[in-house]
>>> print(open('final_39.txt').read())   # compact mmCIF, C-alpha atoms
# COMPACT_ATOMS: atom_id res chain seq x y z
CA TYR A 1 -7.22 -15.82 -4.39
CA ALA A 2 -7.12 -14.74 -8.03
CA HIS A 3 -3.30 -14.79 -8.01
CA ILE A 4 -3.27 -18.20 -6.33
CA ALA A 5 -5.57 -19.47 -9.07
CA GLY A 6 -3.20 -17.93 -11.61
CA GLY A 7 -0.26 -19.82 -10.10
CA HIS A 8 1.48 -16.70 -8.76
CA LEU A 9 2.54 -18.37 -5.53
CA GLY A 10 5.85 -16.50 -5.29
CA LEU A 11 3.93 -13.24 -5.31
CA ILE A 12 1.65 -14.41 -2.46
CA TRP A 13 4.54 -15.79 -0.41
CA SER A 14 6.38 -12.50 -0.83
CA LEU A 15 3.36 -10.39 0.09
CA ALA A 16 2.88 -12.41 3.29
CA TRP A 17 5.99 -10.73 4.76
CA THR A 18 4.72 -7.17 4.26
CA PRO A 19 2.68 -7.07 7.52
CA LEU A 20 5.74 -8.14 9.53
CA VAL A 21 7.82 -5.38 7.93
CA LEU A 22 5.25 -2.75 8.90
CA LEU A 23 4.64 -4.26 12.34
CA GLY A 24 8.37 -4.22 13.02
CA LEU A 25 8.58 -0.58 11.99
CA LYS A 26 5.56 0.33 14.11
CA ARG A 27 7.05 -1.31 17.19
CA ALA A 28 10.37 0.36 16.42
CA PHE A 29 8.68 3.76 16.22
CA ASP A 30 7.21 3.03 19.64
CA GLY A 31 10.65 2.44 21.13
CA SER A 32 12.10 -0.99 20.27
CA LEU A 33 15.10 -0.64 17.96
CA LEU A 34 15.36 -4.44 17.83
CA MET A 35 12.08 -4.51 15.93
CA ALA A 36 13.63 -2.31 13.24
CA ALA A 37 16.13 -5.11 12.65
CA VAL A 38 13.23 -7.61 12.55
CA ALA A 39 11.58 -5.44 9.88
CA GLY A 40 14.84 -5.47 7.91
CA PHE A 41 15.03 -9.27 8.25
CA ALA A 42 11.46 -9.64 6.95
CA LEU A 43 12.24 -7.42 3.95
CA ALA A 44 15.40 -9.44 3.21
CA ILE A 45 13.38 -12.69 3.28
CA GLN A 46 10.74 -11.12 1.04
CA PHE A 47 13.23 -9.83 -1.52
CA PRO A 48 14.19 -13.05 -3.43
CA MET A 49 10.58 -14.28 -3.57
CA MET A 50 9.31 -11.36 -5.65
CA ILE A 51 11.53 -8.31 -6.13
CA GLN A 52 8.63 -6.14 -7.26
CA ILE A 53 6.66 -6.77 -4.04
CA ALA A 54 9.76 -6.17 -1.91
CA TYR A 55 10.37 -2.90 -3.78
CA TYR A 56 6.80 -1.75 -3.10
CA THR A 57 7.11 -2.83 0.55
CA ALA A 58 10.33 -0.85 0.94
CA GLY A 59 8.61 2.18 -0.56
CA LEU A 60 5.62 1.75 1.75
CA GLY A 61 7.87 1.34 4.78
CA SER A 62 9.73 4.51 3.81
CA ALA A 63 6.44 6.39 3.45
CA PHE A 64 5.36 5.06 6.87
CA TRP A 65 8.63 6.32 8.37
CA LEU A 66 8.30 9.70 6.65
CA TRP A 67 4.76 10.00 8.03
CA GLN A 68 6.19 9.60 11.55
CA ILE A 69 8.82 12.26 10.83
CA VAL A 70 6.15 14.70 9.65
CA ASP A 71 4.01 13.91 12.70
CA VAL A 72 6.91 14.66 15.06
CA ALA A 73 7.75 17.85 13.12
CA LEU A 74 4.15 19.07 13.42
CA LYS A 75 4.13 18.36 17.15
CA ASN A 76 7.38 20.27 17.51
CA PHE A 77 5.87 23.18 15.60
CA ARG A 78 2.76 23.23 17.81
CA ASN A 79 4.79 22.96 21.01
CA LYS A 80 7.33 25.52 19.74
CA ARG A 81 10.26 23.32 20.70
CA ILE A 82 12.32 20.67 18.94
CA GLU A 83 12.35 17.13 20.37
CA TRP A 84 15.73 16.02 19.10
CA ARG A 85 15.46 12.72 20.95
CA SER A 86 12.33 11.69 19.01
CA ILE A 87 13.86 12.74 15.70
CA GLY A 88 17.10 10.92 16.50
CA HIS A 89 15.19 7.76 17.40
CA LEU A 90 13.31 7.79 14.08
CA VAL A 91 16.56 8.31 12.16
CA ALA A 92 18.10 5.37 14.05
CA VAL A 93 15.06 3.21 13.22
CA TYR A 94 15.41 3.89 9.50
CA PHE A 95 19.18 3.31 9.56
CA ILE A 96 18.86 -0.01 11.42
CA TRP A 97 16.01 -1.13 9.15
CA LEU A 98 17.92 -0.52 5.91
CA THR A 99 21.26 -1.73 7.28
CA SER A 100 19.80 -5.00 8.52
CA PHE A 101 18.08 -5.48 5.16
CA ILE A 102 21.31 -4.88 3.24
CA LEU A 103 23.37 -7.15 5.49
CA LEU A 104 20.85 -9.98 5.56
CA GLY A 105 19.89 -9.64 1.90
CA ALA A 106 23.41 -9.13 0.54
CA LEU A 107 23.46 -12.66 -0.82
CA TRP A 108 20.76 -11.68 -3.36
CA LEU A 109 21.07 -7.90 -3.44
CA PHE A 110 24.65 -7.40 -4.61
CA PRO A 111 24.58 -9.99 -7.44
CA LEU A 112 21.34 -8.39 -8.63
CA ILE A 113 22.93 -4.92 -8.69
CA GLU A 114 25.89 -6.32 -10.64
CA LEU A 115 23.63 -8.03 -13.20
CA LEU A 116 21.17 -5.15 -13.68
CA PRO A 117 23.04 -3.49 -16.61
CA PHE A 118 22.88 -6.80 -18.51
CA ASN A 119 19.22 -7.49 -17.79
CA ASN A 120 16.71 -6.88 -20.58
CA ARG A 121 14.69 -4.72 -18.18
CA ALA A 122 17.44 -2.13 -18.30
CA ASN A 123 16.04 -1.20 -21.73
CA PHE A 124 12.39 -1.13 -20.68
CA THR A 125 10.19 1.45 -22.40
CA LEU A 126 7.05 2.97 -20.93
CA ALA A 127 5.00 0.54 -23.04
CA ASP A 128 6.93 -2.41 -21.54
CA ALA A 129 6.30 -1.22 -18.01
CA ASN A 130 2.63 -0.63 -18.82
CA LEU A 131 2.04 -4.34 -19.51
CA TYR A 132 -1.30 -5.56 -18.08
CA SER A 133 -2.21 -2.18 -16.61
CA LEU A 134 -5.89 -1.96 -15.70
CA PRO A 135 -8.10 -0.72 -18.54
CA PRO A 136 -10.15 2.25 -17.22
CA SER A 137 -13.29 0.48 -18.44
CA LEU A 138 -12.72 -2.16 -15.72
CA LEU A 139 -12.76 0.31 -12.83
CA PHE A 140 -16.37 -0.71 -12.23
CA SER A 141 -15.07 -4.05 -10.92
CA LEU A 142 -14.18 -2.22 -7.70
CA PHE A 143 -17.91 -2.42 -6.89
CA THR A 144 -18.76 -5.94 -7.94
CA PRO A 145 -17.02 -9.16 -9.02
CA THR A 146 -17.19 -10.03 -12.69
CA GLN A 147 -17.00 -13.15 -14.81
CA PHE A 148 -13.84 -11.79 -16.40
CA GLN A 149 -11.13 -14.33 -15.52
CA PHE A 150 -7.73 -12.62 -15.42
CA PRO A 151 -5.90 -12.51 -12.05
CA GLU A 152 -4.03 -9.26 -12.72
CA TRP A 153 -7.31 -7.37 -13.22
CA VAL A 154 -9.27 -8.58 -10.19
CA MET A 155 -10.10 -5.45 -8.16
CA PHE A 156 -13.14 -6.35 -6.05
CA LEU A 157 -12.38 -6.48 -2.31
CA GLY A 158 -15.83 -7.26 -0.90
CA VAL A 159 -18.66 -5.11 0.41
CA LEU A 160 -17.96 -5.45 4.15
CA PRO A 161 -14.23 -4.58 4.07
CA SER A 162 -14.97 -1.58 1.85
CA ALA A 163 -17.76 -0.39 4.17
CA MET A 164 -15.67 -0.82 7.32
CA SER A 165 -12.72 0.96 5.72
CA VAL A 166 -14.96 3.98 5.14
CA LEU A 167 -15.81 3.96 8.86
CA GLY A 168 -12.10 3.67 9.57
CA ILE A 169 -11.53 6.90 7.69
CA LEU A 170 -14.54 8.77 9.11
CA ILE A 171 -14.67 7.86 12.79
CA SER A 172 -11.34 6.28 13.72
CA LYS A 173 -8.95 8.36 15.83
CA ASN A 174 -5.86 6.64 14.44
CA THR A 175 -3.88 9.40 12.70
CA THR A 176 -2.26 6.98 10.24
CA ARG A 177 -5.67 6.42 8.61
CA TRP A 178 -4.89 9.29 6.25
CA LEU A 179 -1.68 7.57 5.15
CA TRP A 180 -3.57 4.38 4.29
CA GLY A 181 -6.28 6.38 2.56
CA LEU A 182 -3.61 8.05 0.41
CA LEU A 183 -2.11 4.63 -0.32
CA ILE A 184 -5.45 3.37 -1.66
CA GLN A 185 -5.73 6.37 -3.98
CA ALA A 186 -2.11 6.12 -5.14
CA ALA A 187 -2.38 2.36 -5.77
CA LEU A 188 -5.62 2.78 -7.70
CA ILE A 189 -4.17 5.52 -9.92
CA TYR A 190 -0.98 3.53 -10.50
CA THR A 191 -2.87 0.40 -11.56
CA LEU A 192 -4.25 2.38 -14.51
CA GLY A 193 -0.73 2.62 -15.89
CA ALA A 194 -0.14 4.96 -18.80
CA SER A 195 -3.82 5.95 -18.81
CA THR A 196 -2.78 8.69 -16.37
CA PRO A 197 0.32 10.94 -16.50
CA ILE A 198 1.30 9.83 -12.97
CA PHE A 199 2.61 6.52 -14.28
CA ALA A 200 4.98 8.19 -16.76
CA LEU A 201 6.27 10.52 -14.04
CA ALA A 202 6.94 7.56 -11.74
CA PHE A 203 8.61 5.63 -14.57
CA ASN A 204 10.94 8.50 -15.44
CA PHE A 205 11.77 9.98 -12.04
CA ILE A 206 11.48 7.32 -9.29
CA PRO A 207 14.56 5.06 -9.25
CA GLY A 208 13.68 1.44 -9.93
CA MET A 209 10.20 2.06 -11.31
CA ASN A 210 11.54 1.78 -14.87
CA LEU A 211 12.48 -1.85 -14.16
CA LEU A 212 8.99 -2.98 -13.14
CA ARG A 213 5.93 -3.98 -15.11
CA VAL A 214 2.33 -5.09 -14.41
CA PRO A 215 1.31 -1.97 -12.44
CA THR A 216 -1.92 -3.65 -11.29
CA ARG A 217 0.10 -5.49 -8.65
CA ALA A 218 0.25 -2.23 -6.73
CA TRP A 219 -3.44 -2.82 -5.96
CA LEU A 220 -2.36 -5.63 -3.63
CA PHE A 221 -1.13 -2.85 -1.36
CA GLY A 222 -4.33 -0.91 -1.91
CA GLY A 223 -6.21 -3.97 -0.67
CA PHE A 224 -3.84 -4.19 2.30
CA ALA A 225 -4.64 -0.56 3.17
CA VAL A 226 -8.37 -1.30 2.92
CA ALA A 227 -7.91 -4.20 5.37
CA LEU A 228 -6.07 -1.93 7.83
CA LEU A 229 -8.74 0.76 7.60
CA ALA A 230 -11.46 -1.87 8.06
CA GLY A 231 -9.70 -2.90 11.27
CA PHE A 232 -9.65 0.73 12.37
CA GLY A 233 -13.37 0.91 11.61
CA VAL A 234 -14.16 -2.15 13.74
CA ASP A 235 -12.02 -0.76 16.56
CA ALA A 236 -13.84 2.59 16.35
CA LEU A 237 -17.23 0.89 16.56
CA MET A 238 -16.21 -0.63 19.88
CA ARG A 239 -15.69 2.78 21.49
CA ASP A 240 -18.36 4.22 23.78
CA ASP A 241 -18.83 7.29 21.57
CA ALA A 242 -19.29 5.26 18.36
CA ARG A 243 -23.04 5.92 18.12
CA ALA A 244 -22.53 9.68 18.51
CA GLN A 245 -19.80 9.61 15.87
CA LEU A 246 -22.03 7.72 13.43
CA ARG A 247 -24.87 10.17 14.02
CA GLN A 248 -22.52 13.07 13.37
CA ARG A 249 -21.27 11.49 10.15
CA GLN A 250 -24.72 10.37 8.97
CA PRO A 251 -24.91 12.70 5.89
CA GLN A 252 -21.52 11.52 4.61
CA LEU A 253 -22.39 7.87 5.25
CA ILE A 254 -25.70 8.17 3.39
CA ALA A 255 -24.01 9.91 0.45
CA LEU A 256 -21.30 7.24 0.27
CA ALA A 257 -23.89 4.45 0.49
CA LEU A 258 -25.81 5.99 -2.42
CA ILE A 259 -22.61 6.33 -4.45
CA TYR A 260 -21.76 2.70 -3.76
CA PHE A 261 -25.29 1.57 -4.65
CA VAL A 262 -25.29 3.47 -7.93
CA GLY A 263 -21.78 2.25 -8.69
CA ASN A 264 -22.80 -1.32 -7.98
CA ILE A 265 -25.79 -1.09 -10.34
CA ALA A 266 -23.57 0.43 -13.03
CA ALA A 267 -20.98 -2.28 -12.42
CA LEU A 268 -23.53 -5.06 -12.78
CA ILE A 269 -24.74 -3.57 -16.05
CA GLY A 270 -21.15 -3.12 -17.25
CA SER A 271 -20.26 -6.71 -16.38
CA TRP A 272 -22.85 -7.94 -18.88
CA PHE A 273 -20.66 -6.55 -21.67
CA ILE A 274 -17.41 -8.14 -20.48
>>> encode(input="final_39.txt", output="structure tokens")
Amino acid sequence: YAHIAGGHLGLIWSLAWTPLVLLGLKRAFDGSLLMAAVAGFALAIQFPMMIQIAYYTAGLGSAFWLWQIVDVALKNFRNKRIEWRSIGHLVAVYFIWLTSFILLGALWLFPLIELLPFNNRANFTLADANLYSLPPSLLFSLFTPTQFQFPEWVMFLGVLPSAMSVLGILISKNTTRWLWGLLIQAALIYTLGASTPIFALAFNFIPGMNLLRVPTRAWLFGGFAVALLAGFGVDALMRDDARAQLRQRQPQLIALALIYFVGNIAALIGSWFI
């Protein structure tokens, strides 16, 4: 809502296609190669609306695919045999996804590649890319909303989604929960920009990162991961063994609740000085 209030409608419209990209890939991993093409179509539609969001979505989709590859490799290692059919299917999914994106997005993609050397972003410095990165002093806003009115620095996601995402990590049986947990951590670190050395490494060594700015927009994907984990948490609570799982995880849940409570108090005090 902060970005809508800031007039960043292109960003929101672009982000709306990210779930379809990931859903298409998930269905493709499960067997439907047609859905890989659907994922490529969604990415191609997303691309002209906000290139930065499409770039992040492509990176997230690639990480999602790589996670599946690692999962299959680990299963092969445990079973002491190689399932070439599964590996071949995942390779075909990735090929179809990228090919359909290139073919459907060629109208915007190839002119952009041709114009890149003449774009002022080709000469971006680390300071340029670091524009509007989150000041570390505003990390407290993860715990509570503030009166500080700047859409790029709104971090608060709500108490209930945050709590349910913790349950998604602790008691869900969905193996991808670790991927989404890593995404939250990576997005949070990246939003801090040059305050951490990770941002400089990404700027210098990941192709395309040196053309982007406003690193706080990566937190949109952190929020997306929180929403997914919250869904996993709700799904886990509906299982018959949910109560036993909660009892088993009681020490961790109490510790996390105390951390959140203390953080919330600190955040409220900190917000008085903003």
>>> residues_around(input="final_39.txt", residues="region 19-31 of chain A", least_positions_apart="2", cutoff="10 Å", atoms="all atoms listed in the file", output="ChimeraX atom specification")
/A:15-17,33-44,46,57-58,60-62,64-65,68,86,89-94,96-97,224
>>> residues_around(input="final_39.txt", residues="region 260-264 of chain A", least_positions_apart="4", cutoff="10 Å", atoms="all atoms listed in the file", output="ChimeraX atom specification")
/A:140-145,159,162-163,254-256,268-270
>>> closest_residue(input="final_39.txt", among="A:Met50, A:Leu126, A:Leu229, A:Leu131", to="Trp180 (chain A)", atoms="all atoms listed in the file")
A:Leu229
>>> closest_residue(input="final_39.txt", among="A:Ile198, A:Ala187, A:Met49, A:Ala242", to="Pro215 (chain A)", atoms="only C-alpha atoms")
A:Ala187
>>> residues_around(input="final_39.txt", residues="Phe199 (chain A)", least_positions_apart="3", cutoff="10 Å", atoms="all atoms listed in the file", output="list in words")
Leu126, Ala129, Asn130, Ile189, Tyr190, Thr191, Leu192, Gly193, Ala194, Ser195, Thr196, Ala202, Phe203, Asn204, Met209 and Pro215 of chain A
>>> residues_around(input="final_39.txt", residues="Phe232 (chain A)", least_positions_apart="6", cutoff="9 Å", atoms="all atoms listed in the file", output="ChimeraX atom specification")
/A:164-165,167-169,171-174,177
>>> closest_residue(input="final_39.txt", among="A:Leu74, A:Val226, A:Leu66, A:Leu112", to="Ile51 (chain A)", atoms="all atoms listed in the file")
A:Leu112
>>> atom_distance(input="final_39.txt", atom1="CA of Pro136 (chain A)", atom2="CA of Phe150 (chain A)")
15.2 Å
>>> decode(input="final_39.txt", residues="region 207-238 of chain A", atoms="N, CA, C and O atoms", output="PDB file, in the first residue's frame")
ATOM      1  N   PRO A 207      25.765 -10.273 -12.891  1.00  0.00           N
ATOM      2  CA  PRO A 207      25.399  -9.502 -14.087  1.00  0.00           C
ATOM      3  C   PRO A 207      24.029  -8.840 -13.949  1.00  0.00           C
ATOM      4  O   PRO A 207      23.057  -9.471 -13.558  1.00  0.00           O
ATOM      5  N   GLY A 208      23.976  -7.562 -14.263  1.00  0.00           N
ATOM      6  CA  GLY A 208      22.733  -6.821 -14.216  1.00  0.00           C
ATOM      7  C   GLY A 208      22.510  -6.046 -12.933  1.00  0.00           C
ATOM      8  O   GLY A 208      21.792  -5.041 -12.924  1.00  0.00           O
ATOM      9  N   MET A 209      23.114  -6.482 -11.847  1.00  0.00           N
ATOM     10  CA  MET A 209      22.932  -5.787 -10.573  1.00  0.00           C
ATOM     11  C   MET A 209      23.499  -4.370 -10.613  1.00  0.00           C
ATOM     12  O   MET A 209      23.028  -3.488  -9.900  1.00  0.00           O
ATOM     13  N   ASN A 210      24.508  -4.140 -11.429  1.00  0.00           N
ATOM     14  CA  ASN A 210      25.121  -2.817 -11.505  1.00  0.00           C
ATOM     15  C   ASN A 210      24.281  -1.829 -12.321  1.00  0.00           C
ATOM     16  O   ASN A 210      24.671  -0.682 -12.504  1.00  0.00           O
ATOM     17  N   LEU A 211      23.119  -2.283 -12.800  1.00  0.00           N
ATOM     18  CA  LEU A 211      22.216  -1.397 -13.536  1.00  0.00           C
ATOM     19  C   LEU A 211      20.985  -1.018 -12.718  1.00  0.00           C
ATOM     20  O   LEU A 211      20.123  -0.275 -13.198  1.00  0.00           O
ATOM     21  N   LEU A 212      20.905  -1.540 -11.502  1.00  0.00           N
ATOM     22  CA  LEU A 212      19.715  -1.333 -10.670  1.00  0.00           C
ATOM     23  C   LEU A 212      20.018  -0.409  -9.504  1.00  0.00           C
ATOM     24  O   LEU A 212      21.155  -0.319  -9.054  1.00  0.00           O
ATOM     25  N   ARG A 213      18.992   0.244  -9.016  1.00  0.00           N
ATOM     26  CA  ARG A 213      19.131   1.067  -7.816  1.00  0.00           C
ATOM     27  C   ARG A 213      17.912   0.822  -6.916  1.00  0.00           C
ATOM     28  O   ARG A 213      17.054   0.012  -7.226  1.00  0.00           O
ATOM     29  N   VAL A 214      17.856   1.546  -5.803  1.00  0.00           N
ATOM     30  CA  VAL A 214      16.796   1.391  -4.799  1.00  0.00           C
ATOM     31  C   VAL A 214      16.728  -0.067  -4.328  1.00  0.00           C
ATOM     32  O   VAL A 214      15.768  -0.794  -4.622  1.00  0.00           O
ATOM     33  N   PRO A 215      17.745  -0.522  -3.605  1.00  0.00           N
ATOM     34  CA  PRO A 215      17.773  -1.926  -3.160  1.00  0.00           C
ATOM     35  C   PRO A 215      16.635  -2.318  -2.231  1.00  0.00           C
ATOM     36  O   PRO A 215      16.355  -3.508  -2.078  1.00  0.00           O
ATOM     37  N   THR A 216      15.956  -1.336  -1.621  1.00  0.00           N
ATOM     38  CA  THR A 216      14.852  -1.673  -0.714  1.00  0.00           C
ATOM     39  C   THR A 216      13.702  -2.373  -1.442  1.00  0.00           C
ATOM     40  O   THR A 216      12.887  -3.033  -0.796  1.00  0.00           O
ATOM     41  N   ARG A 217      13.644  -2.267  -2.752  1.00  0.00           N
ATOM     42  CA  ARG A 217      12.563  -2.937  -3.475  1.00  0.00           C
ATOM     43  C   ARG A 217      12.710  -4.453  -3.443  1.00  0.00           C
ATOM     44  O   ARG A 217      11.754  -5.176  -3.751  1.00  0.00           O
ATOM     45  N   ALA A 218      13.877  -4.926  -3.078  1.00  0.00           N
ATOM     46  CA  ALA A 218      14.041  -6.373  -2.898  1.00  0.00           C
ATOM     47  C   ALA A 218      13.187  -6.875  -1.741  1.00  0.00           C
ATOM     48  O   ALA A 218      12.838  -8.065  -1.693  1.00  0.00           O
ATOM     49  N   TRP A 219      12.843  -5.978  -0.797  1.00  0.00           N
ATOM     50  CA  TRP A 219      12.031  -6.401   0.343  1.00  0.00           C
ATOM     51  C   TRP A 219      10.613  -6.774  -0.081  1.00  0.00           C
ATOM     52  O   TRP A 219       9.909  -7.489   0.638  1.00  0.00           O
ATOM     53  N   LEU A 220      10.173  -6.337  -1.250  1.00  0.00           N
ATOM     54  CA  LEU A 220       8.883  -6.787  -1.763  1.00  0.00           C
ATOM     55  C   LEU A 220       8.871  -8.304  -1.896  1.00  0.00           C
ATOM     56  O   LEU A 220       7.853  -8.962  -1.646  1.00  0.00           O
ATOM     57  N   PHE A 221      10.008  -8.863  -2.271  1.00  0.00           N
ATOM     58  CA  PHE A 221      10.118 -10.318  -2.400  1.00  0.00           C
ATOM     59  C   PHE A 221      10.305 -10.977  -1.037  1.00  0.00           C
ATOM     60  O   PHE A 221       9.897 -12.121  -0.843  1.00  0.00           O
ATOM     61  N   GLY A 222      10.908 -10.250  -0.101  1.00  0.00           N
ATOM     62  CA  GLY A 222      10.954 -10.739   1.270  1.00  0.00           C
ATOM     63  C   GLY A 222       9.551 -10.856   1.843  1.00  0.00           C
ATOM     64  O   GLY A 222       9.207 -11.843   2.501  1.00  0.00           O
ATOM     65  N   GLY A 223       8.715  -9.841   1.580  1.00  0.00           N
ATOM     66  CA  GLY A 223       7.329  -9.880   2.025  1.00  0.00           C
ATOM     67  C   GLY A 223       6.549 -10.998   1.355  1.00  0.00           C
ATOM     68  O   GLY A 223       5.704 -11.651   1.977  1.00  0.00           O
ATOM     69  N   PHE A 224       6.853 -11.243   0.083  1.00  0.00           N
ATOM     70  CA  PHE A 224       6.214 -12.350  -0.641  1.00  0.00           C
ATOM     71  C   PHE A 224       6.565 -13.683   0.014  1.00  0.00           C
ATOM     72  O   PHE A 224       5.706 -14.558   0.179  1.00  0.00           O
ATOM     73  N   ALA A 225       7.837 -13.845   0.405  1.00  0.00           N
ATOM     74  CA  ALA A 225       8.264 -15.079   1.068  1.00  0.00           C
ATOM     75  C   ALA A 225       7.585 -15.233   2.424  1.00  0.00           C
ATOM     76  O   ALA A 225       7.212 -16.346   2.817  1.00  0.00           O
ATOM     77  N   VAL A 226       7.418 -14.129   3.147  1.00  0.00           N
ATOM     78  CA  VAL A 226       6.704 -14.181   4.429  1.00  0.00           C
ATOM     79  C   VAL A 226       5.270 -14.654   4.212  1.00  0.00           C
ATOM     80  O   VAL A 226       4.745 -15.476   4.986  1.00  0.00           O
ATOM     81  N   ALA A 227       4.617 -14.159   3.153  1.00  0.00           N
ATOM     82  CA  ALA A 227       3.237 -14.559   2.861  1.00  0.00           C
ATOM     83  C   ALA A 227       3.166 -16.061   2.555  1.00  0.00           C
ATOM     84  O   ALA A 227       2.248 -16.760   3.010  1.00  0.00           O
ATOM     85  N   LEU A 228       4.129 -16.572   1.782  1.00  0.00           N
ATOM     86  CA  LEU A 228       4.154 -18.005   1.484  1.00  0.00           C
ATOM     87  C   LEU A 228       4.338 -18.833   2.749  1.00  0.00           C
ATOM     88  O   LEU A 228       3.637 -19.827   2.968  1.00  0.00           O
ATOM     89  N   LEU A 229       5.285 -18.415   3.586  1.00  0.00           N
ATOM     90  CA  LEU A 229       5.541 -19.155   4.822  1.00  0.00           C
ATOM     91  C   LEU A 229       4.340 -19.084   5.761  1.00  0.00           C
ATOM     92  O   LEU A 229       4.043 -20.039   6.484  1.00  0.00           O
ATOM     93  N   ALA A 230       3.646 -17.951   5.777  1.00  0.00           N
ATOM     94  CA  ALA A 230       2.439 -17.839   6.590  1.00  0.00           C
ATOM     95  C   ALA A 230       1.386 -18.836   6.112  1.00  0.00           C
ATOM     96  O   ALA A 230       0.690 -19.466   6.924  1.00  0.00           O
ATOM     97  N   GLY A 231       1.284 -19.004   4.792  1.00  0.00           N
ATOM     98  CA  GLY A 231       0.375 -20.009   4.246  1.00  0.00           C
ATOM     99  C   GLY A 231       0.773 -21.412   4.668  1.00  0.00           C
ATOM    100  O   GLY A 231      -0.081 -22.243   5.003  1.00  0.00           O
ATOM    101  N   PHE A 232       2.085 -21.677   4.648  1.00  0.00           N
ATOM    102  CA  PHE A 232       2.564 -22.982   5.120  1.00  0.00           C
ATOM    103  C   PHE A 232       2.209 -23.186   6.589  1.00  0.00           C
ATOM    104  O   PHE A 232       1.866 -24.290   7.011  1.00  0.00           O
ATOM    105  N   GLY A 233       2.314 -22.101   7.369  1.00  0.00           N
ATOM    106  CA  GLY A 233       1.997 -22.190   8.790  1.00  0.00           C
ATOM    107  C   GLY A 233       0.533 -22.519   9.025  1.00  0.00           C
ATOM    108  O   GLY A 233       0.200 -23.365   9.861  1.00  0.00           O
ATOM    109  N   VAL A 234      -0.355 -21.847   8.288  1.00  0.00           N
ATOM    110  CA  VAL A 234      -1.788 -22.129   8.414  1.00  0.00           C
ATOM    111  C   VAL A 234      -2.079 -23.570   8.006  1.00  0.00           C
ATOM    112  O   VAL A 234      -2.840 -24.287   8.674  1.00  0.00           O
ATOM    113  N   ASP A 235      -1.460 -24.007   6.913  1.00  0.00           N
ATOM    114  CA  ASP A 235      -1.660 -25.385   6.449  1.00  0.00           C
ATOM    115  C   ASP A 235      -1.178 -26.390   7.495  1.00  0.00           C
ATOM    116  O   ASP A 235      -1.826 -27.415   7.728  1.00  0.00           O
ATOM    117  N   ALA A 236      -0.052 -26.088   8.141  1.00  0.00           N
ATOM    118  CA  ALA A 236       0.487 -26.991   9.168  1.00  0.00           C
ATOM    119  C   ALA A 236      -0.431 -27.076  10.373  1.00  0.00           C
ATOM    120  O   ALA A 236      -0.570 -28.138  10.989  1.00  0.00           O
ATOM    121  N   LEU A 237      -1.066 -25.961  10.730  1.00  0.00           N
ATOM    122  CA  LEU A 237      -1.975 -25.954  11.879  1.00  0.00           C
ATOM    123  C   LEU A 237      -3.215 -26.810  11.640  1.00  0.00           C
ATOM    124  O   LEU A 237      -3.874 -27.235  12.595  1.00  0.00           O
ATOM    125  N   MET A 238      -3.526 -27.079  10.397  1.00  0.00           N
ATOM    126  CA  MET A 238      -4.700 -27.876  10.073  1.00  0.00           C
ATOM    127  C   MET A 238      -4.414 -29.376  10.111  1.00  0.00           C
ATOM    128  O   MET A 238      -5.342 -30.176   9.982  1.00  0.00           O
TER     129      MET A 238
END
